[in-house]
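J.: Sharing a structure below in structure tokens format, with a few things to ask.
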Amino acid sequence: EGFKRATAATLRAIDCARDLGVSFGSDGPSIVDDVARLPEPSPEMTPQERARLRGAADRLALSLRHHDDALHGRAAPTDKAARSVFDAMEQARVEAIGARQMPGVAENLDAALSEQCRRKGFARIRERERAPMADVLGMLAREAMTGAQPPENAADMVDLWRPWVKAKVGEDLDSLRDAIDDQAAFGRLCRKLLAEMELDATPESPEDDAPAPDD
């Protein structure tokens with residue numbers, strides 16, 4: 001219970017939202033109706049599990065604090081595959097902000113990402129065509145913004161695509177770090193990257209990052 005209280009307090013502090021509800025169960029991590037839902041800790045929690053759970057909480061808090069859903073929806077491509085890559089790169093952006101500002105958060109996020117890669121079985125992927133582009137580009141974007149390499153259990157998978165991605169968009173990928181604090185500019189750069197990699201054939205609209213009209 002002490003760990004739960006501390007984790008909930010840290011999540012609220014990162015998000016600057018004192019009234020945010022926090023619950024623990026089998027359906028996290030997610031945000032539903034202003035309640036952050038996190039995985040239930042096991043009775044015999046290891047240091048690794050503790051870091052993973054804190055990482056899950058940090059991911060939610062950073063998204064709440066640094067991500068604008070409405071802006072993201074307007075800027076995102078309509079193609080389903082391109083949208084999944086766009087979403088992954090935006091998630092990498094908000095996590096990179098926290099990782100660059102707080103070393104402890106960076107460690108927690110690393111642990112959470114490693115666990116995610118383990119669950120998805122990335123260590124077993126040996127053919128480039130089997131590697132999910134959203135995950136690959138999310139980790140390459142994270143690397144460009146923070147310098148953090150992909151987790152060991154996903155490194156080989158990412159390296160299957162690394163030469164191709166670098167040849168296509170290497171310079172623009174490195175430019176992501178310059179737009180990390182501006183979601184609209186970051187979104188425009190991501191759309192440019194997607195177009196250059198021929199993952200998104202839909203041209204970006206000038207209104208994609210415009211303010212929403214008043215009700």
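Here's how to read the names in the structure tokens: chain A, B, ... by the order shown, residue numbers from 1 in each chain, ligand numbers from 1 in the order shown.
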Per residue of range 49-115 of chain A within 12 Å of range 151-158 of chain A, note the shortest atom pair and the distance in Å to one decimal, counting only C-alpha atoms, and order the rows by chain and increasing residue number, as a tab-separated table.
T.:
residue	atom	partner	partner_atom	distance
A:Glu107	CA	A:Pro151	CA	11.7
A:Leu109	CA	A:Pro151	CA	10.8
A:Asp110	CA	A:Pro151	CA	7.4
A:Ala111	CA	A:Pro151	CA	8.7
A:Ala112	CA	A:Pro151	CA	10.1
A:Leu113	CA	A:Pro151	CA	7.3
A:Ser114	CA	A:Pro151	CA	5.5
A:Glu115	CA	A:Asn153	CA	9.1
J.: List every residue of range 1-211 of chain A that DSSP, applied to the backbone of this structure, places in helix (DSSP H, G or I), and write the result as a PyMOL selection string.
T.: chain A and resi 2-15+47-66+69-75+80-101+103-120+122-124+128-130+133-146+152-179+183-196
J.: So that I can check the surroundings of range 192-195 of chain A, please list as a PyMOL selection string every protein, DNA and RNA residue that reaches within 12 Å of it, counting only C-alpha atoms and ignoring chain neighbours fewer than 6 positions away.
T.: chain A and resi 75-77+79+81-87+89+133-134+137+141+165-176+185-186+201-205
